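*Asks:* Contents of run_10.txt (compact mmCIF, C-alpha atoms) are given next:
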```txt
# COMPACT_ATOMS: atom_id res chain seq x y z
CA MET A 20 0.00 0.00 0.00
CA SER A 21 1.32 3.46 -0.87
CA LYS A 22 2.15 5.98 1.81
CA THR A 23 -1.12 7.87 1.58
CA LEU A 24 -3.84 8.39 4.15
CA THR A 25 -6.89 10.43 5.00
CA LEU A 26 -7.07 11.82 8.54
CA ILE A 27 -10.61 12.62 9.72
CA VAL A 28 -11.08 14.98 12.67
CA PRO A 29 -14.16 16.60 14.22
CA GLY A 30 -14.42 20.35 13.75
CA ASP A 31 -11.56 22.78 13.23
CA PRO A 32 -8.24 20.87 13.04
CA ASP A 33 -6.34 23.95 14.28
CA GLN A 34 -7.87 23.89 17.76
CA ARG A 35 -5.31 24.32 20.55
CA THR A 36 -5.94 21.22 22.61
CA GLY A 37 -3.68 18.26 23.21
CA GLY A 38 -5.64 15.91 20.96
CA TYR A 39 -5.72 18.26 18.00
CA LEU A 40 -2.06 19.16 18.49
CA TYR A 41 -1.20 15.47 18.43
CA ASP A 42 -3.13 14.98 15.19
CA ARG A 43 -1.44 17.99 13.54
CA ARG A 44 2.08 17.09 14.61
CA ILE A 45 1.82 13.44 13.59
CA SER A 46 0.32 14.48 10.25
CA GLY A 47 3.04 17.04 9.65
CA GLU A 48 5.87 14.65 10.50
CA LEU A 49 4.39 11.94 8.29
CA GLN A 50 4.30 14.40 5.41
CA ALA A 51 7.92 15.37 6.11
CA ALA A 52 8.77 11.66 5.88
CA GLY A 53 7.17 11.37 2.43
CA TRP A 54 3.58 10.50 3.23
CA GLU A 55 0.68 12.10 1.43
CA VAL A 56 -1.85 13.11 4.11
CA GLU A 57 -5.27 14.62 3.48
CA THR A 58 -6.99 16.07 6.55
CA VAL A 59 -10.80 16.18 6.48
CA SER A 60 -12.68 18.16 9.14
CA LEU A 61 -16.24 17.23 9.99
CA GLU A 62 -19.15 19.52 10.71
CA GLY A 63 -21.64 18.66 13.42
CA ARG A 64 -21.64 18.02 17.15
CA PHE A 65 -19.30 15.51 18.80
CA PRO A 66 -19.18 13.26 20.75
CA LEU A 67 -22.93 13.29 21.43
CA ALA A 68 -23.50 13.35 17.72
CA ASP A 69 -26.28 15.09 15.82
CA ALA A 70 -27.62 14.33 12.34
CA LEU A 71 -25.13 16.72 10.74
CA ALA A 72 -22.21 14.84 12.32
CA GLU A 73 -23.57 11.52 11.07
CA GLN A 74 -23.97 12.84 7.55
CA ALA A 75 -20.54 14.48 7.57
CA MET A 76 -18.81 11.22 8.49
CA ASP A 77 -20.74 9.25 5.86
CA THR A 78 -19.84 11.82 3.21
CA ALA A 79 -16.17 11.91 4.18
CA LEU A 80 -15.82 8.13 4.11
CA GLY A 81 -17.86 7.86 0.93
CA ALA A 82 -15.40 10.18 -0.83
CA CYS A 83 -12.49 7.79 -0.13
CA GLU A 84 -11.58 5.33 -2.87
CA GLU A 85 -11.66 1.57 -2.27
CA GLY A 86 -8.85 0.38 -0.03
CA ARG A 87 -7.89 3.88 1.13
CA ARG A 88 -6.01 4.08 4.42
CA VAL A 89 -8.14 6.22 6.76
CA VAL A 90 -7.29 7.34 10.31
CA ILE A 91 -10.28 8.62 12.32
CA ASP A 92 -9.82 10.65 15.49
CA GLY A 93 -11.63 8.89 18.31
CA LEU A 94 -13.69 11.94 19.25
CA ALA A 95 -15.44 11.60 15.88
CA LEU A 96 -15.21 7.85 15.37
CA GLY A 97 -17.00 6.66 18.48
CA ALA A 98 -19.89 9.07 18.04
CA VAL A 99 -21.22 7.83 14.68
CA PRO A 100 -20.86 4.04 14.39
CA GLU A 101 -23.62 3.70 11.79
CA ALA A 102 -21.73 5.87 9.31
CA VAL A 103 -18.50 3.99 9.96
CA GLU A 104 -20.09 0.54 9.63
CA GLY A 105 -21.29 1.38 6.13
CA HIS A 106 -17.71 1.77 4.86
CA ALA A 107 -15.72 -0.66 7.03
CA GLN A 108 -15.43 -3.43 4.45
CA ARG A 109 -14.01 -1.33 1.63
CA LEU A 110 -11.63 0.97 3.57
CA ASP A 111 -8.55 0.37 5.72
CA LEU A 112 -9.76 2.07 8.91
CA THR A 113 -7.59 2.93 11.91
CA ALA A 114 -8.95 4.37 15.16
CA LEU A 115 -6.86 7.03 16.90
CA VAL A 116 -8.10 7.08 20.51
CA HIS A 117 -6.92 9.78 22.91
CA HIS A 118 -9.23 8.56 25.68
CA PRO A 119 -12.56 6.68 25.79
CA LEU A 120 -15.51 8.96 25.15
CA ALA A 121 -17.40 7.65 28.18
CA ASP A 122 -14.62 8.86 30.48
CA GLU A 123 -15.36 12.53 29.81
CA THR A 124 -16.07 14.47 33.01
CA GLY A 125 -19.67 15.50 33.67
CA LEU A 126 -21.57 12.89 31.63
CA ASP A 127 -24.78 11.53 33.10
CA GLU A 128 -25.23 7.76 33.17
CA PRO A 129 -27.51 7.49 30.10
CA ASP A 130 -25.05 9.46 27.95
CA ARG A 131 -22.14 7.46 29.30
CA GLU A 132 -23.85 4.17 28.41
CA ARG A 133 -24.78 5.53 24.99
CA LEU A 134 -21.15 6.41 24.29
CA LEU A 135 -19.87 3.05 25.51
CA VAL A 136 -22.19 1.26 23.09
CA SER A 137 -21.45 3.53 20.14
CA GLU A 138 -17.67 3.53 20.62
CA ARG A 139 -17.59 -0.26 20.99
CA ARG A 140 -19.44 -0.62 17.67
CA ALA A 141 -17.19 1.87 15.91
CA LEU A 142 -13.94 0.33 17.15
CA ALA A 143 -15.08 -3.06 15.91
CA CYS A 144 -15.07 -1.60 12.39
CA CYS A 145 -11.38 -0.69 12.49
CA ARG A 146 -8.51 -2.90 11.44
CA ARG A 147 -6.24 -1.44 14.10
CA ILE A 148 -6.40 0.87 17.11
CA VAL A 149 -3.72 3.42 17.98
CA VAL A 150 -3.79 5.03 21.43
CA THR A 151 -1.66 7.78 22.92
CA SER A 152 -0.85 6.09 26.24
CA ALA A 153 -0.55 2.67 27.80
CA PHE A 154 -3.22 3.80 30.25
CA THR A 155 -5.73 4.27 27.42
CA ALA A 156 -4.85 0.85 26.03
CA ARG A 157 -5.66 -0.66 29.43
CA ARG A 158 -8.78 1.46 29.76
CA LEU A 159 -10.24 0.19 26.46
CA ARG A 160 -10.02 -3.34 27.79
CA GLN A 161 -11.38 -2.42 31.23
CA LEU A 162 -14.46 -0.82 29.67
CA GLY A 163 -14.99 -3.73 27.27
CA LEU A 164 -14.54 -1.45 24.27
CA SER A 165 -12.08 -3.74 22.50
CA GLU A 166 -10.25 -6.94 23.34
CA ARG A 167 -7.67 -6.42 20.59
CA PRO A 168 -4.24 -5.07 21.59
CA ALA A 169 -3.97 -1.36 20.85
CA ARG A 170 -0.73 0.09 19.55
CA VAL A 171 0.65 2.80 21.84
CA VAL A 172 2.18 5.87 20.19
CA GLU A 173 2.88 8.49 22.83
CA PRO A 174 3.10 12.17 21.89
CA GLY A 175 6.46 13.68 21.10
CA VAL A 176 7.88 17.02 22.16
CA SER A 177 9.72 19.79 20.39
CA ALA A 178 13.12 20.88 21.58
CA ALA A 179 12.80 23.83 23.96
CA PRO A 180 15.18 26.01 25.97
CA LEU A 181 15.77 25.26 29.63
CA ALA A 182 13.40 27.35 31.74
CA PRO A 183 15.18 30.27 33.44
CA ALA A 184 13.88 29.26 36.87
CA SER A 185 15.27 25.74 36.53
CA GLN A 186 18.57 27.01 35.19
CA ALA A 187 18.89 29.38 38.14
CA ARG A 188 17.93 26.70 40.65
CA LEU A 189 20.54 24.30 39.30
CA GLY A 190 23.13 27.05 39.36
CA GLY A 191 22.55 27.75 43.02
CA ASP A 192 21.09 31.20 42.44
CA PRO A 193 18.63 32.58 45.03
CA GLU A 194 15.02 31.52 44.60
CA PRO A 195 12.59 34.21 43.38
CA GLU A 196 10.59 36.01 46.03
CA GLN A 197 7.43 34.31 44.79
CA GLN A 198 6.90 30.85 43.35
CA ARG A 199 5.21 31.17 39.95
CA LEU A 200 2.68 28.42 39.21
CA LEU A 201 1.65 27.81 35.59
CA CYS A 202 -1.46 25.78 34.71
CA VAL A 203 -1.83 25.25 30.93
CA ALA A 204 -5.29 23.88 30.16
CA SER A 205 -8.62 24.97 28.71
CA LEU A 206 -11.02 26.10 31.42
CA THR A 207 -13.25 23.01 31.44
CA PRO A 208 -14.43 20.79 34.33
CA ARG A 209 -12.12 17.92 33.39
CA LYS A 210 -9.05 20.13 33.81
CA GLY A 211 -9.84 20.85 37.47
CA GLN A 212 -8.96 24.53 37.84
CA ASP A 213 -11.69 24.76 40.49
CA VAL A 214 -9.81 22.16 42.55
CA LEU A 215 -6.59 24.16 42.21
CA LEU A 216 -8.26 27.41 43.27
CA ASN A 217 -9.61 25.79 46.42
CA ALA A 218 -6.17 24.38 47.18
CA LEU A 219 -4.49 27.76 46.70
CA ALA A 220 -7.08 29.50 48.88
CA GLY A 221 -5.61 27.70 51.88
CA LEU A 222 -2.06 28.81 51.05
CA GLN A 223 -2.45 32.57 51.03
CA SER A 224 0.22 33.00 53.70
CA MET A 225 2.77 31.62 51.21
CA ARG A 226 4.49 33.74 48.54
CA TRP A 227 3.19 32.70 45.14
CA ARG A 228 1.42 33.79 41.99
CA ALA A 229 -0.47 31.59 39.53
CA ARG A 230 -1.37 31.85 35.87
CA PHE A 231 -4.15 29.71 34.33
CA SER A 232 -3.37 29.84 30.59
CA GLY A 233 -6.19 28.30 28.58
CA SER A 234 -9.26 28.95 26.50
CA THR A 235 -12.35 30.33 28.20
CA GLN A 236 -14.54 29.49 25.18
CA ARG A 237 -14.70 25.69 25.23
CA ASP A 238 -17.01 25.78 28.26
CA PRO A 239 -18.00 29.41 28.89
CA ALA A 240 -20.20 28.53 31.87
CA PHE A 241 -17.31 26.81 33.66
CA ALA A 242 -14.98 29.69 32.77
CA ARG A 243 -17.44 32.10 34.42
CA GLN A 244 -17.57 29.79 37.44
CA ILE A 245 -13.78 29.96 37.73
CA GLU A 246 -13.85 33.76 37.52
CA GLN A 247 -16.51 33.93 40.23
CA GLN A 248 -14.64 31.44 42.41
CA ARG A 249 -11.43 33.46 42.04
CA ARG A 250 -13.25 36.57 43.25
CA SER A 251 -15.07 34.86 46.11
CA LEU A 252 -11.79 33.40 47.40
CA GLY A 253 -10.05 36.78 47.23
CA LEU A 254 -7.48 35.59 44.68
CA GLU A 255 -7.98 38.20 41.93
CA GLN A 256 -4.54 39.72 42.55
CA ARG A 257 -2.72 36.39 42.69
CA VAL A 258 -4.33 34.24 39.97
CA GLU A 259 -4.20 35.43 36.36
CA LEU A 260 -6.72 34.25 33.73
CA PRO A 261 -5.20 35.39 30.42
CA GLY A 262 -7.30 33.06 28.22
CA GLU A 263 -6.04 31.03 25.28
CA ARG A 264 -2.43 31.75 24.44
CA ALA A 265 -0.69 31.99 21.08
CA PRO A 266 2.44 29.83 20.78
CA ASN A 267 4.82 32.73 21.48
CA GLN A 268 2.78 33.74 24.52
CA LEU A 269 2.84 30.19 25.81
CA GLU A 270 6.63 30.16 25.47
CA SER A 271 6.69 33.30 27.61
CA ASP A 272 4.48 31.54 30.17
CA TYR A 273 6.90 28.62 30.47
CA ALA A 274 9.81 31.06 30.78
CA TRP A 275 7.90 32.88 33.58
CA ALA A 276 7.06 29.74 35.58
CA THR A 277 8.98 28.12 38.41
CA VAL A 278 6.73 25.03 38.39
CA CYS A 279 3.81 23.70 36.33
CA VAL A 280 0.56 22.45 37.86
CA LEU A 281 -1.97 20.15 36.17
CA PRO A 282 -4.93 19.38 38.50
CA SER A 283 -7.02 17.46 35.92
CA ARG A 284 -9.70 15.06 37.03
CA TYR A 285 -8.75 12.87 34.06
CA GLU A 286 -6.27 12.84 31.15
CA GLY A 287 -5.65 10.33 28.39
CA PHE A 288 -1.97 11.30 28.44
CA GLY A 289 -1.33 14.88 29.64
CA MET A 290 0.94 16.51 27.05
CA VAL A 291 1.41 19.55 29.27
CA ILE A 292 3.59 17.38 31.51
CA THR A 293 6.05 16.46 28.77
CA GLU A 294 5.99 20.04 27.45
CA ALA A 295 7.06 21.19 30.93
CA LEU A 296 9.72 18.49 31.24
CA ALA A 297 11.11 19.49 27.84
CA ARG A 298 11.92 22.83 29.52
CA GLY A 299 13.28 21.26 32.69
CA LEU A 300 10.30 22.42 34.75
CA PRO A 301 9.03 20.14 37.54
CA VAL A 302 5.29 19.40 37.59
CA ILE A 303 2.70 19.05 40.32
CA SER A 304 -0.18 17.00 38.95
CA SER A 305 -3.13 14.88 39.92
CA THR A 306 -3.09 11.16 39.30
CA GLY A 307 -6.27 11.37 37.18
CA GLY A 308 -6.33 8.93 34.29
CA ALA A 309 -2.92 8.58 32.64
CA LEU A 310 -1.23 11.30 34.69
CA ALA A 311 0.07 8.85 37.29
CA ASP A 312 2.06 7.22 34.47
CA THR A 313 2.96 10.32 32.46
CA LEU A 314 4.70 12.24 35.26
CA PRO A 315 7.93 10.51 36.37
CA ASP A 316 8.24 10.19 40.13
CA ASP A 317 11.59 11.97 40.20
CA ALA A 318 10.36 15.00 38.23
CA GLY A 319 7.28 16.09 40.16
CA LEU A 320 4.71 15.61 42.89
CA LYS A 321 1.29 13.98 42.62
CA ALA A 322 -2.03 14.21 44.44
CA PRO A 323 -5.33 12.33 43.98
CA PRO A 324 -7.74 13.95 41.51
CA ASP A 325 -10.62 16.14 42.73
CA ASP A 326 -9.05 16.49 46.19
CA SER A 327 -8.25 20.10 47.06
CA ALA A 328 -6.96 19.25 50.53
CA ALA A 329 -4.44 16.73 49.17
CA LEU A 330 -3.36 19.14 46.45
CA ARG A 331 -2.94 21.90 49.07
CA ARG A 332 -0.63 19.66 51.10
CA THR A 333 1.35 18.76 47.99
CA LEU A 334 1.74 22.41 46.99
CA GLY A 335 2.76 23.18 50.56
CA ARG A 336 5.64 20.72 50.27
CA TRP A 337 6.82 22.48 47.13
CA PHE A 338 6.73 25.87 48.88
CA ASP A 339 8.35 24.65 52.12
CA GLU A 340 11.16 22.35 50.95
CA PRO A 341 13.96 23.93 48.89
CA GLN A 342 15.89 20.66 48.67
CA LEU A 343 12.81 18.96 47.22
CA ARG A 344 12.52 21.71 44.62
CA LEU A 345 16.16 21.20 43.65
CA ASP A 346 15.86 17.39 43.49
CA LEU A 347 12.74 17.53 41.31
CA THR A 348 14.35 20.10 39.03
CA ARG A 349 17.31 17.79 38.54
CA GLY A 350 14.88 14.99 37.70
CA ALA A 351 12.97 17.14 35.22
CA VAL A 352 16.18 18.21 33.49
CA ALA A 353 17.33 14.59 33.24
CA TRP A 354 14.04 13.65 31.58
CA ARG A 355 14.56 16.31 28.88
CA GLN A 356 17.03 13.95 27.21
CA ARG A 357 14.69 10.94 27.28
CA LEU A 358 11.54 12.37 25.72
CA PRO A 359 10.69 11.27 22.15
CA SER A 360 10.63 13.86 19.38
CA TRP A 361 7.59 14.25 17.17
CA ALA A 362 9.59 12.61 14.37
CA ASP A 363 10.12 9.59 16.65
CA SER A 364 6.40 9.43 17.39
CA ALA A 365 5.49 9.72 13.70
CA ARG A 366 7.81 6.82 12.84
CA ARG A 367 6.05 4.68 15.43
CA PHE A 368 2.70 5.79 14.10
CA ALA A 369 3.69 4.87 10.53
CA HIS A 370 4.89 1.47 11.74
CA ALA A 371 1.53 0.90 13.42
CA LEU A 372 -0.33 1.80 10.23
CA GLU A 373 1.76 -0.52 8.08
CA ARG A 374 1.20 -3.54 10.29
CA ALA A 375 -1.78 -5.77 9.63
```
Could you write out this structure as structure tokens?
*Replies:*
Amino acid sequence: MSKTLTLIVPGDPDQRTGGYLYDRRISGELQAAGWEVETVSLEGRFPLADALAEQAMDTALGACEEGRRVVIDGLALGAVPEAVEGHAQRLDLTALVHHPLADETGLDEPDRERLLVSERRALACCRRIVVTSAFTARRLRQLGLSERPARVVEPGVSAAPLAPASQARLGGDPEPEQQRLLCVASLTPRKGQDVLLNALAGLQSMRWRARFSGSTQRDPAFARQIEQQRRSLGLEQRVELPGERAPNQLESDYAWATVCVLPSRYEGFGMVITEALARGLPVISSTGGALADTLPDDAGLKAPPDDSAALRRTLGRWFDEPQLRLDLTRGAVAWRQRLPSWADSARRFAHALERA
């Protein structure tokens, strides 16, 4: 089979979330390696699909010639099994699953059951399944979504400069007057900024500032809740909410930070962790979903998800223990050399596609 494929994604492929970034970077590296990649974006609502989403998937698959290699992002795939089933026999379909749809935060039980059924049907149509973490591979089996082994292709990272705070810490320079906490995540319930605010509210005697860099438009109601919570806790002067950041602004955020914090209730991988480690920044994260695996023990601290008290204690350790900060910085810097590049990840992805 020639090195050609169609990549199908829901909505705008340029969205600044981990899943869409993964899709774009893998696609770009495949093209750099000589693949011909066509990206098709689908209209409609996902993952609780509407009629427009169903029709968009059917049209996109119908436009592919017999035997075409097609990779479908799991956010779209699991929502519209009927459209996928109609083309499964004549196309070489691969599922790209970032995390099971039924694991999304905030679903009621009927919607969760509906997504389990639909994703199970859709995955059965695919010749192979690629996932972005070993956790997600395990989770597919735990939920009974697929008994077949999934091929794990973790995200890569781009080379990045060592964060100034880490460089200073390793050089024995004095610590800044305030610890600077960076949380990079869209303001949505799954990302847990409400948990982090409650944790920080109990640490106001400490010297710190925080910046929550992420879109306020993916869930405007939750974003308003975070703004109201920030005010009610008296944290307006200490917690910044700059909204979604352009790439150059995000680089400035990492250069500003002394530590990154990811309080998510659940992640299928948690690319923010490896982005921080690529800059030698330690991370304080929850253990939600794949995060327990993604963050190395010697490069950060972990707390249970959705537990503000535990997160407060963990943050307190970071503030109180300079030797711990130094040790974790050394660990984060060591991990910079071990992270795969996006070219490495694309090679693994291509190998997965070319296997039966």
*Asks:* Excluding same-chain residues fewer than 5 positions from segment 48-59 of chain A, what lies within 8 Å of it counting all atoms listed in the file, as a list in words?
*Replies:*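 My reading of the contact set: Lys22, Thr23, Leu24, Thr25, Leu26, Ile27, Val28, Ala79, Trp361, Ala362, Ala365, Arg366 and Ala369 of chain A.
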*Asks:* In terms of the shortest atom-to-atom distance over all atoms listed in the file, which of A:Ala98, A:Ala156, A:Ala184, A:Cys279 is closest to Glu294 of chain A?
*Replies:*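 Of all the options, A:Cys279 lies closest to Glu294 of chain A.
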*Asks:* Quick one: residues within 8 Å of (-16.6, -5.8, 11.6) (file frame), counting only C-alpha atoms, please, as a PyMOL selection string.
*Replies:* chain A and resi 104+107-108+143-145
*Asks:* Keeping only C-alpha atoms, take the residues you just selected and write them out as a PDB file, in the frame of the given file.
*Replies:*
```pdb
ATOM      1  CA  GLU A 104     -20.090   0.540   9.630  1.00  0.00           C
ATOM      2  CA  ALA A 107     -15.720  -0.660   7.030  1.00  0.00           C
ATOM      3  CA  GLN A 108     -15.430  -3.430   4.450  1.00  0.00           C
ATOM      4  CA  ALA A 143     -15.080  -3.060  15.910  1.00  0.00           C
ATOM      5  CA  CYS A 144     -15.070  -1.600  12.390  1.00  0.00           C
ATOM      6  CA  CYS A 145     -11.380  -0.690  12.490  1.00  0.00           C
TER       7      CYS A 145
END
```
*Asks:* So, counting only C-alpha atoms, which residue among A:Val214, A:Ala295, A:Val103, A:Cys83 is closest to Leu269 of chain A?
*Replies:* A:Ala295
*Asks:* Could you give me, as a PDB file with C-alpha atoms, keeping the file's coordinate frame, the residues that have an atom at most 10 Å away from the point (0.5, 14.4, 17.1) in the coordinates of the file, using all atoms listed in the file?
*Replies:*
```pdb
ATOM      1  CA  GLY A  37      -3.680  18.260  23.210  1.00  0.00           C
ATOM      2  CA  GLY A  38      -5.640  15.910  20.960  1.00  0.00           C
ATOM      3  CA  TYR A  39      -5.720  18.260  18.000  1.00  0.00           C
ATOM      4  CA  LEU A  40      -2.060  19.160  18.490  1.00  0.00           C
ATOM      5  CA  TYR A  41      -1.200  15.470  18.430  1.00  0.00           C
ATOM      6  CA  ASP A  42      -3.130  14.980  15.190  1.00  0.00           C
ATOM      7  CA  ARG A  43      -1.440  17.990  13.540  1.00  0.00           C
ATOM      8  CA  ARG A  44       2.080  17.090  14.610  1.00  0.00           C
ATOM      9  CA  ILE A  45       1.820  13.440  13.590  1.00  0.00           C
ATOM     10  CA  SER A  46       0.320  14.480  10.250  1.00  0.00           C
ATOM     11  CA  GLY A  47       3.040  17.040   9.650  1.00  0.00           C
ATOM     12  CA  GLU A  48       5.870  14.650  10.500  1.00  0.00           C
ATOM     13  CA  LEU A  49       4.390  11.940   8.290  1.00  0.00           C
ATOM     14  CA  THR A 151      -1.660   7.780  22.920  1.00  0.00           C
ATOM     15  CA  VAL A 172       2.180   5.870  20.190  1.00  0.00           C
ATOM     16  CA  GLU A 173       2.880   8.490  22.830  1.00  0.00           C
ATOM     17  CA  PRO A 174       3.100  12.170  21.890  1.00  0.00           C
ATOM     18  CA  GLY A 175       6.460  13.680  21.100  1.00  0.00           C
ATOM     19  CA  VAL A 176       7.880  17.020  22.160  1.00  0.00           C
ATOM     20  CA  TRP A 361       7.590  14.250  17.170  1.00  0.00           C
ATOM     21  CA  ALA A 362       9.590  12.610  14.370  1.00  0.00           C
ATOM     22  CA  SER A 364       6.400   9.430  17.390  1.00  0.00           C
ATOM     23  CA  ALA A 365       5.490   9.720  13.700  1.00  0.00           C
ATOM     24  CA  PHE A 368       2.700   5.790  14.100  1.00  0.00           C
TER      25      PHE A 368
END
```
*Asks:* Restricting the calculation to all atoms listed in the file: of A:Gly190, A:Pro32, A:Pro323, A:Gly221, which residue gets closest to Thr348 of chain A?
*Replies:* A:Gly190
*Asks:* Just checking: using only C-alpha atoms, which residue out of A:Gly253, A:Gly125, A:Gly30, A:Pro66 ends up closest to Leu216 of chain A?
*Replies:*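 Answer, going by the shortest atom-to-atom distance: A:Gly253.
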*Asks:* Box for segment 171-179 of chain A: with edges along x, y and z, all listed atoms inside and 8 Å added on each side, what are the centre and edge lengths in Å to one decimal, as lines of an AutoDock Vina configuration file?
*Replies:*
```
center_x = 6.9
center_y = 13.3
center_z = 22.1
size_x = 28.5
size_y = 37.0
size_z = 19.8
```
*Asks:* List as a PyMOL selection string the protein and nucleic acid residues near Arg374 of chain A, meaning an atom at most 12 Å away when all atoms listed in the file are counted, but skip any in the same chain fewer than 5 places from it.
*Replies:* chain A and resi 20+111+113+146-149+169-170+367-369
*Asks:* Just to confirm, what's the straight-line distance from atom CA of Arg284 of chain A to atom CA of Leu181 of chain A in Å (one decimal)?
*Replies:*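 Taking atom CA of Arg284 of chain A and atom CA of Leu181 of chain A, their separation equals 28.4 Å.
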*Asks:* Which residue is closest to Arg357 of chain A? Choose from A:Phe338, A:Ala178, A:Gly262, A:Ala274 and count all atoms listed in the file.
*Replies:*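 Checking each candidate against Arg357 of chain A, we get A:Ala178 as the closest.
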*Asks:* Got a sec: who's within 10 Å of Glu132 of chain A, counting all atoms listed in the file, leaving out chain neighbours fewer than 6 positions off, as an MDAnalysis selection string?
*Replies:* chainID A and resid 121 126 138
*Asks:* Can you work out the spacing between atom CA of Ser305 of chain A and atom CA of Thr207 of chain A in Å, to one decimal?
*Replies:*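 Value for the atom CA of Ser305 of chain A-atom CA of Thr207 of chain A distance: 15.5 Å.
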